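Engineer: Structure provided below as structure tokens; questions to follow.
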Amino acid sequence: MQALLLNLRLSIRSLRGSPGFTLTALLTIALGIGAITSVFSVVNTVLLKPFAFHDPGQLAILREVVGIHGKTSIAPDNYRHYLRLKKDAKTIEDAAIFHQRGISVSPSGDQPRIVGAVTASPNLLRVLGVRPMLGRDFVPQDAEKGAAKVVLLSYDGWQMFFQGNPQVVGQTLRLGGEPSTVVGVLPPGMRLPHIAMAPQIAFQEIGGALETAIFAPLVPSDQELKKDLGSFNYKVITRLKPGVTLEQASAELEALQQAYSISARLPVRLGISLIPLASDVTSGISGALWLMFAAVGGVLLIACVNLANLQLARSVAAERETAVRAALGASKGQLVMSRLAESLVLALAGGAAGVVLAFSGVRLLIALAPGNVPRLNEVQVNLPVMLFAAGMSIASALLFGVLPALRSLRVHPQAALQANSSRTANTQEGRRTRSLLVAVEVACTVVLLIITSLVLRSFSHLLRQNRGFDSSHITLAQVDLFTPQYDDALPSVKTIKLAFADRAQAALAQLPGVQSVAITSATPLTGETWVDNLGRPDHPRARG
């Protein structure tokens with residue numbers, strides 16, 4: 001330990017004597033460590049960090065496969081089918097059905113705001129293995145028709161609407177204009193990620209990307225309890241029994257679906273799609289994140305090769321010092337450690353600066369990330385990320401310090417003391433080593449340039465593609481009508497909604513600077529697939 005401290009002190013003194021090299025090395029390491037730490041913060045949270053549920057590896061997302069005329073597609077879940085599968089399946093411990101949407105919430109008659117909400121069967125929290133921090137969980141009676149309306153608040157929703165008041169249980173919120181009683185608050189780690197309805201259904205659900213603040217019990221309609229076809233409107237999360245594999249559960253559920261298709265004489269053939277929760281949440285984004293992580297790692301590798309070249313030049317210039325140490329009896333281990341100490345000082349100091357830069361880097365990545373990246377609100381520079389940064393700093397020190405350190409073992413004291421520095425620096429061995437490092441650096445750079453050029457080319461094509469419409473000077477707003485006067489069960493609701501649309505369109509058209517206003521149920525390129533049939537007004541056909 002004493003020898004290590006002595007080497008570190010001598011290394012700091014040596015680096016202070018070369019401020020240009022030291023500043024260059026520190027900036028290089030800080031930028032490299034800062035970049036890879038920032039990206040790792042996202043990768044760790046989105047791809048590696050397990051969900052704060054009990055045994056999350058046993059959770060899977062269940063969807064239905066609908067086959068007709070030889071073609072199949074993955075669809076959301078039908079409520080009637082969910083009840084049947086939950087009852088008959090032997091490989092499933094429990095399953096919950098839910099819907100993620102936006103909902104209008106106003107505490108104490110305040111101005112309403114749209115927040116993320118989960119409407120679910122009362123057993124959702126039990127499937128996830130989560131208990132309320134305050135109050136109680138839902139019970140089956142909460143999902144019965146005519147039951148008093150109750151809600152659970154997420155931890156963030158508790159802070160948002162009641163400022164963390166511990167007496168929140170029993171308080172009232174207005175959801176969609178109707179009063180609901182708060183029966184509990186969930187712990188801060190309970191965050192249900194947004195789950196897609198189905199892979200081919202990519203349209204934005206109102207509030208789907210919002211942070212969930214409200215959990216409410218799901219009350220199915222009479223129609224949903226009876227319909228086998230249509231009403232594929234939900235998501236289902238299942239917990240497999242201990243020891244049951246995903247393949248075993250998929251095989252059983254597939255057999256149940258096919259048997260029911262035949263016994264019920266359905267015009268379609270039903271199947272099943274069962275995907276682990278973690279894989280389903282990150283599908284479509286994991287490849288891009290790993291590619292970005294690899295690219296930033298490549299940049300750090302290039303930086304290390306650069307520093308190795310600089311360190312090699314310094315070690316050549318310091319051969320006289322190494323020769324004197326060897327002549328005075330320094331062992332090979334002491335010679336290597338003396339050279340490695342300088343690299344270690346640079347790496348640790350640069351790594352510390354890189355961690356500081358990573359805080360800003362994480363904020364930048366969150367700001368630039370697309371809306372479909374899950375769990376972004378959980379990304380932060382925490383202890384595991386700092387340990388990763390420390391490990392990368394030490395690995396960087398070894399990467400750019402080992403070669404110069406090992407070269408010190410090949411110094412011949414008598415020749416080094418007799419030779420001048422310029423002749424020593426230009427030996428054939430030194431030129432060959434530096435040429436190898438440059439070749440490695442060029443190879444890494446070429447690979448990164450090829451990847452970057454391909455990505456930029458794809459992005460350029462996307463920007464220049466003719467969409468058939470002009471999107472410049474266009475502002476898009478989204479609205480949903482939650483309050484009771486727009487309830488779909490009302491006989492005149494269509495007329496009421498159209499009247500609202502007319503009033504909104506006329507009012508917006510009067511705003512200064514507005515040239516024209518239009519209202520649509522689905523904007524271009526949002527992936528709307530909720531189309532059951534197409535018809536032409538000039539070719540009427542009989543119903544069905």
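Order determines the names: the first chain of the structure tokens is A, the second B, and so forth; residues in each chain are numbered 1 upward, and ligands are numbered 1 upward as they are shown.
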Would you mind writing down, as a ChimeraX atom specification, each residue of stretch 88-205 of chain A that DSSP on the backbone assigns to strand (DSSP E)?
Structural biologist: /A:92-107,113-120,134-135,150-153,172-175,178-185
Engineer: Would you please extract all helix (DSSP H, G or I) residues from stretch 9-248 of chain A, as assigned by DSSP on the backbone, and give them as a PyMOL selection string?
Structural biologist: chain A and resi 9-16+19-48+56-58+79-88+124-128+140-143+155-162+222-226+246-248
Engineer: Can you check which parts of stretch 249-298 of chain A lie within 10 Å of stretch 374-388 of chain A? Per residue, the shortest pair of atoms and distance in Å to one decimal, counting only C-alpha atoms, sorted by chain and number, as CSV.
Structural biologist:
residue,atom,partner,partner_atom,distance
A:Val281,CA,A:Pro374,CA,6.9
A:Thr282,CA,A:Pro374,CA,6.9
A:Ser283,CA,A:Pro374,CA,9.9
A:Ile285,CA,A:Pro374,CA,8.6
Engineer: Save the residues we just selected, C-alpha atoms, as an mmCIF file, in the first residue's frame?
Structural biologist:
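Saved to again.cif:
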data_model
loop_
_atom_site.group_PDB
_atom_site.id
_atom_site.type_symbol
_atom_site.label_atom_id
_atom_site.label_comp_id
_atom_site.auth_asym_id
_atom_site.auth_seq_id
_atom_site.Cartn_x
_atom_site.Cartn_y
_atom_site.Cartn_z
ATOM 1 C CA VAL A 281 -42.119 -3.662 -22.716
ATOM 2 C CA THR A 282 -38.749 -3.226 -24.475
ATOM 3 C CA SER A 283 -39.680 -4.764 -27.832
ATOM 4 C CA ILE A 285 -36.388 -0.355 -28.570
#
Engineer: Can you work out which one of A:Asn466, A:Thr28, A:Ser106, A:Gln223 has the shortest atom-to-atom distance to A:Phe482, counting only C-alpha atoms?
Structural biologist: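 Nearest candidate to A:Phe482 out of A:Asn466, A:Thr28, A:Ser106, A:Gln223: A:Ser106.
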Engineer: So which one's closest to A:Tyr155, A:Leu134, A:Ile496, A:Leu511, A:Leu225? Using only C-alpha atoms, please.
Structural biologist: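 Checking each candidate against A:Tyr155, we get A:Leu134 as the closest.
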Engineer: Determine, counting only C-alpha atoms, which protein, DNA and RNA residues have an atom within 10 Å of an atom of A:Leu128; residues of the same chain fewer than 5 positions away are not included. Present the result as a VMD selection string.
Structural biologist: chain A and resid 51 to 56 58 to 59 94 to 96 123 190 192 237 to 239
Engineer: Go ahead and write the residues just picked, N, CA, C and O atoms, as a PDB file, in the first residue's frame.
Structural biologist:
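Written output follows (again.pdb):
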ATOM      1  N   PHE A  51     -38.361  -5.126 -12.779  1.00  0.00           N
ATOM      2  CA  PHE A  51     -39.502  -4.376 -12.285  1.00  0.00           C
ATOM      3  C   PHE A  51     -39.656  -4.618 -10.777  1.00  0.00           C
ATOM      4  O   PHE A  51     -39.309  -5.676 -10.259  1.00  0.00           O
ATOM      5  N   ALA A  52     -40.213  -3.602 -10.106  1.00  0.00           N
ATOM      6  CA  ALA A  52     -40.384  -3.682  -8.653  1.00  0.00           C
ATOM      7  C   ALA A  52     -41.624  -4.483  -8.285  1.00  0.00           C
ATOM      8  O   ALA A  52     -42.464  -4.042  -7.506  1.00  0.00           O
ATOM      9  N   PHE A  53     -41.739  -5.664  -8.898  1.00  0.00           N
ATOM     10  CA  PHE A  53     -42.840  -6.573  -8.614  1.00  0.00           C
ATOM     11  C   PHE A  53     -42.262  -7.843  -7.995  1.00  0.00           C
ATOM     12  O   PHE A  53     -41.069  -8.124  -8.131  1.00  0.00           O
ATOM     13  N   HIS A  54     -43.117  -8.620  -7.354  1.00  0.00           N
ATOM     14  CA  HIS A  54     -42.671  -9.898  -6.797  1.00  0.00           C
ATOM     15  C   HIS A  54     -42.354 -10.880  -7.928  1.00  0.00           C
ATOM     16  O   HIS A  54     -43.203 -11.132  -8.799  1.00  0.00           O
ATOM     17  N   ASP A  55     -41.142 -11.406  -7.954  1.00  0.00           N
ATOM     18  CA  ASP A  55     -40.711 -12.402  -8.939  1.00  0.00           C
ATOM     19  C   ASP A  55     -41.155 -12.005 -10.353  1.00  0.00           C
ATOM     20  O   ASP A  55     -41.963 -12.693 -10.987  1.00  0.00           O
ATOM     21  N   PRO A  56     -40.631 -10.880 -10.890  1.00  0.00           N
ATOM     22  CA  PRO A  56     -41.088 -10.391 -12.198  1.00  0.00           C
ATOM     23  C   PRO A  56     -40.807 -11.348 -13.351  1.00  0.00           C
ATOM     24  O   PRO A  56     -41.434 -11.252 -14.402  1.00  0.00           O
ATOM     25  N   GLN A  58     -41.737 -14.299 -13.617  1.00  0.00           N
ATOM     26  CA  GLN A  58     -42.907 -15.165 -13.831  1.00  0.00           C
ATOM     27  C   GLN A  58     -44.092 -14.409 -14.438  1.00  0.00           C
ATOM     28  O   GLN A  58     -45.158 -14.994 -14.623  1.00  0.00           O
ATOM     29  N   LEU A  59     -43.904 -13.144 -14.755  1.00  0.00           N
ATOM     30  CA  LEU A  59     -44.985 -12.339 -15.340  1.00  0.00           C
ATOM     31  C   LEU A  59     -44.869 -12.329 -16.858  1.00  0.00           C
ATOM     32  O   LEU A  59     -43.763 -12.228 -17.409  1.00  0.00           O
ATOM     33  N   ASP A  94     -52.438 -16.821 -11.710  1.00  0.00           N
ATOM     34  CA  ASP A  94     -53.471 -15.791 -11.706  1.00  0.00           C
ATOM     35  C   ASP A  94     -53.265 -14.908 -12.930  1.00  0.00           C
ATOM     36  O   ASP A  94     -52.187 -14.909 -13.540  1.00  0.00           O
ATOM     37  N   ALA A  95     -54.302 -14.164 -13.293  1.00  0.00           N
ATOM     38  CA  ALA A  95     -54.224 -13.257 -14.438  1.00  0.00           C
ATOM     39  C   ALA A  95     -55.121 -12.068 -14.172  1.00  0.00           C
ATOM     40  O   ALA A  95     -56.191 -12.198 -13.566  1.00  0.00           O
ATOM     41  N   ALA A  96     -54.688 -10.892 -14.622  1.00  0.00           N
ATOM     42  CA  ALA A  96     -55.468  -9.668 -14.458  1.00  0.00           C
ATOM     43  C   ALA A  96     -55.651  -9.018 -15.820  1.00  0.00           C
ATOM     44  O   ALA A  96     -54.737  -9.030 -16.660  1.00  0.00           O
ATOM     45  N   ASN A 123     -57.845  -7.821  -9.034  1.00  0.00           N
ATOM     46  CA  ASN A 123     -56.701  -8.637  -8.601  1.00  0.00           C
ATOM     47  C   ASN A 123     -55.380  -8.193  -9.217  1.00  0.00           C
ATOM     48  O   ASN A 123     -54.373  -8.905  -9.080  1.00  0.00           O
ATOM     49  N   MET A 190     -44.033   1.271  -7.343  1.00  0.00           N
ATOM     50  CA  MET A 190     -45.075   0.662  -8.170  1.00  0.00           C
ATOM     51  C   MET A 190     -45.327   1.518  -9.410  1.00  0.00           C
ATOM     52  O   MET A 190     -46.045   2.519  -9.365  1.00  0.00           O
ATOM     53  N   LEU A 192     -46.442   0.757 -13.318  1.00  0.00           N
ATOM     54  CA  LEU A 192     -46.825  -0.180 -14.374  1.00  0.00           C
ATOM     55  C   LEU A 192     -46.442   0.436 -15.710  1.00  0.00           C
ATOM     56  O   LEU A 192     -46.952   1.497 -16.071  1.00  0.00           O
ATOM     57  N   ILE A 237     -52.214  -9.429 -18.088  1.00  0.00           N
ATOM     58  CA  ILE A 237     -50.915  -9.808 -17.532  1.00  0.00           C
ATOM     59  C   ILE A 237     -51.121 -11.051 -16.673  1.00  0.00           C
ATOM     60  O   ILE A 237     -52.061 -11.124 -15.889  1.00  0.00           O
ATOM     61  N   THR A 238     -50.274 -12.047 -16.870  1.00  0.00           N
ATOM     62  CA  THR A 238     -50.433 -13.332 -16.182  1.00  0.00           C
ATOM     63  C   THR A 238     -49.223 -13.611 -15.294  1.00  0.00           C
ATOM     64  O   THR A 238     -48.111 -13.153 -15.574  1.00  0.00           O
ATOM     65  N   ARG A 239     -49.456 -14.364 -14.236  1.00  0.00           N
ATOM     66  CA  ARG A 239     -48.369 -14.874 -13.409  1.00  0.00           C
ATOM     67  C   ARG A 239     -48.363 -16.384 -13.534  1.00  0.00           C
ATOM     68  O   ARG A 239     -49.355 -17.044 -13.189  1.00  0.00           O
TER      69      ARG A 239
END
Engineer: Atom CA of A:Leu5 to atom CA of A:Gly401: how many Å, to one decimal?
Structural biologist: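 Here the two named atoms are 17.6 Å from each other.
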Engineer: Residues at most 10 Å from stretch 447-464 of chain A, counting only C-alpha atoms, excluding those fewer than 5 positions away in the same chain, as a list in words?
Structural biologist: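 Answer for this query is Leu291, Ala294, Ala295, Val296, Gly298, Val299 and Val442 of chain A.
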Engineer: Take the selection from the previous step and output its residues with all heavy atoms, as a PDB file, in the first residue's frame.
Structural biologist:
ATOM      1  N   LEU A 291     -27.345  -0.826 -29.694  1.00  0.00           N
ATOM      2  CA  LEU A 291     -26.512  -0.284 -30.769  1.00  0.00           C
ATOM      3  C   LEU A 291     -25.873   1.029 -30.332  1.00  0.00           C
ATOM      4  O   LEU A 291     -24.678   1.267 -30.560  1.00  0.00           O
ATOM      5  CB  LEU A 291     -27.368  -0.072 -32.024  1.00  0.00           C
ATOM      6  CG  LEU A 291     -26.640   0.526 -33.232  1.00  0.00           C
ATOM      7  CD1 LEU A 291     -25.528  -0.411 -33.701  1.00  0.00           C
ATOM      8  CD2 LEU A 291     -27.611   0.791 -34.383  1.00  0.00           C
ATOM      9  N   ALA A 294     -23.125   0.278 -27.858  1.00  0.00           N
ATOM     10  CA  ALA A 294     -21.931  -0.242 -28.536  1.00  0.00           C
ATOM     11  C   ALA A 294     -21.180   0.879 -29.247  1.00  0.00           C
ATOM     12  O   ALA A 294     -19.940   0.915 -29.247  1.00  0.00           O
ATOM     13  CB  ALA A 294     -22.336  -1.333 -29.526  1.00  0.00           C
ATOM     14  N   ALA A 295     -21.925   1.807 -29.863  1.00  0.00           N
ATOM     15  CA  ALA A 295     -21.282   2.909 -30.576  1.00  0.00           C
ATOM     16  C   ALA A 295     -20.503   3.805 -29.620  1.00  0.00           C
ATOM     17  O   ALA A 295     -19.362   4.192 -29.893  1.00  0.00           O
ATOM     18  CB  ALA A 295     -22.334   3.717 -31.329  1.00  0.00           C
ATOM     19  N   VAL A 296     -21.114   4.138 -28.480  1.00  0.00           N
ATOM     20  CA  VAL A 296     -20.419   4.974 -27.502  1.00  0.00           C
ATOM     21  C   VAL A 296     -19.222   4.219 -26.914  1.00  0.00           C
ATOM     22  O   VAL A 296     -18.177   4.814 -26.645  1.00  0.00           O
ATOM     23  CB  VAL A 296     -21.401   5.415 -26.391  1.00  0.00           C
ATOM     24  CG1 VAL A 296     -20.676   6.195 -25.318  1.00  0.00           C
ATOM     25  CG2 VAL A 296     -22.514   6.260 -26.971  1.00  0.00           C
ATOM     26  N   GLY A 298     -17.469   2.127 -28.591  1.00  0.00           N
ATOM     27  CA  GLY A 298     -16.445   2.239 -29.630  1.00  0.00           C
ATOM     28  C   GLY A 298     -15.709   3.562 -29.567  1.00  0.00           C
ATOM     29  O   GLY A 298     -14.484   3.628 -29.766  1.00  0.00           O
ATOM     30  N   VAL A 299     -16.434   4.640 -29.274  1.00  0.00           N
ATOM     31  CA  VAL A 299     -15.793   5.948 -29.127  1.00  0.00           C
ATOM     32  C   VAL A 299     -14.825   5.940 -27.950  1.00  0.00           C
ATOM     33  O   VAL A 299     -13.709   6.472 -28.038  1.00  0.00           O
ATOM     34  CB  VAL A 299     -16.870   7.048 -28.948  1.00  0.00           C
ATOM     35  CG1 VAL A 299     -16.218   8.378 -28.608  1.00  0.00           C
ATOM     36  CG2 VAL A 299     -17.709   7.172 -30.205  1.00  0.00           C
ATOM     37  N   VAL A 442      -7.914   3.420 -36.531  1.00  0.00           N
ATOM     38  CA  VAL A 442      -8.552   3.661 -37.834  1.00  0.00           C
ATOM     39  C   VAL A 442      -9.646   2.631 -38.101  1.00  0.00           C
ATOM     40  O   VAL A 442     -10.733   2.966 -38.595  1.00  0.00           O
ATOM     41  CB  VAL A 442      -7.492   3.637 -38.953  1.00  0.00           C
ATOM     42  CG1 VAL A 442      -8.152   3.636 -40.323  1.00  0.00           C
ATOM     43  CG2 VAL A 442      -6.571   4.837 -38.828  1.00  0.00           C
TER      44      VAL A 442
END
Engineer: Could you tell me which of A:Pro484, A:Gly20, A:Pro217, A:Gly176 comes closest to A:Leu125 if we count only C-alpha atoms?
Structural biologist: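 Nearest to A:Leu125: A:Pro217.
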Engineer: Within 9 Å of stretch 243-247 of chain A, which residues of stretch 12-103 of chain A come that close, and what is the closest atom pair and distance in Å for each? Count only C-alpha atoms and give it as CSV.
Structural biologist:
residue,atom,partner,partner_atom,distance
A:Gln58,CA,A:Leu246,CA,8.4
A:Ala60,CA,A:Leu246,CA,8.2
A:Thr91,CA,A:Val244,CA,6.4
A:Ile92,CA,A:Val244,CA,8.3
Engineer: At a cut-off of 8 Å, using only C-alpha atoms, what residues contact A:Asn7? Leave out same-chain residues fewer than 4 positions from it and give the result as a short mmCIF file (atom, residue, chain, number, x, y, z; two decimals) with N, CA, C and O atoms, in the first residue's frame.
Structural biologist:
data_model
loop_
_atom_site.label_atom_id
_atom_site.label_comp_id
_atom_site.auth_asym_id
_atom_site.auth_seq_id
_atom_site.Cartn_x
_atom_site.Cartn_y
_atom_site.Cartn_z
N ALA A 3 3.90 1.47 -1.18
CA ALA A 3 4.52 1.60 -2.50
C ALA A 3 3.53 2.19 -3.51
O ALA A 3 3.90 3.01 -4.35
N SER A 11 3.38 10.02 -9.70
CA SER A 11 2.64 10.18 -10.95
C SER A 11 1.95 11.54 -11.01
O SER A 11 1.96 12.21 -12.06
N MET A 337 4.25 -1.14 -12.13
CA MET A 337 3.33 -0.38 -11.29
C MET A 337 3.60 1.12 -11.39
O MET A 337 2.65 1.93 -11.38
N SER A 338 4.84 1.51 -11.49
CA SER A 338 5.16 2.93 -11.58
C SER A 338 4.58 3.54 -12.86
O SER A 338 4.15 4.69 -12.87
N ALA A 341 0.59 3.51 -12.56
CA ALA A 341 0.04 4.46 -11.61
C ALA A 341 -0.38 5.76 -12.30
O ALA A 341 -1.41 6.36 -11.96
#
Engineer: With only C-alpha atoms as the atoms that count, which of A:Pro140, A:Arg126, A:Ile29, A:Glu93 lies nearest to A:Leu240?
Structural biologist: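 Residue with the minimum atom-to-atom distance to A:Leu240: A:Glu93.
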